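The block underneath contains the structure these notes are about, expressed in structure tokens.
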Amino acid sequence: MNKDIQKNRDKIDIIDNQIFDLLIDRLDAVTTIGYIKKEEGFPVLDQNRENAIYAKIDAKFSAIEADFLKNIYQSIITESKRVEGK
């Protein structure tokens, strides 16, 4: 295999492991928020929070990067709401 491809795949593997750890940390926070929302009678959906996340992405990244990240975050937010609702 091409050395440059393998080098970049190795880099991706390292980054993926970091992402996995961060997503599990996020899941822990989401689980706690879900418990608090259930106890306090708050709805799972917080549209203002979702809008703020997307606005932060738009403000910080180029259009191509923002589109990439927002597509990923749609899945993350959907799964987060699913977890919060349990």
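To be explicit about the labels: the chains of the structure tokens are called A, B, and onward in the order shown, and within each one the residues are counted from 1, while ligands get numbers from 1 in the order they are shown.
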- Message: For Tyr54 (chain A), find every residue with an atom within 9 Å (counting only C-alpha atoms), except residues of its own chain fewer than 2 positions away, and show them as an MDAnalysis selection string.
- Response: chainID A and resid 49:52 56:59 66 69:70 73
- Message: With only C-alpha atoms as the counted atoms, please give the residues lying no more than 8 Å from region 21-38 of chain A, apart from itself and same-chain residues fewer than 4 positions off, as a list in words.
- Response: Asn17, Phe42, Pro43, Val44, Ser80, Val83, Glu84, Gly85 and Lys86 of chain A
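Separating CA of Asn2 (chain A) from CA of Phe68 (chain A) is a distance of 26.6 Å.
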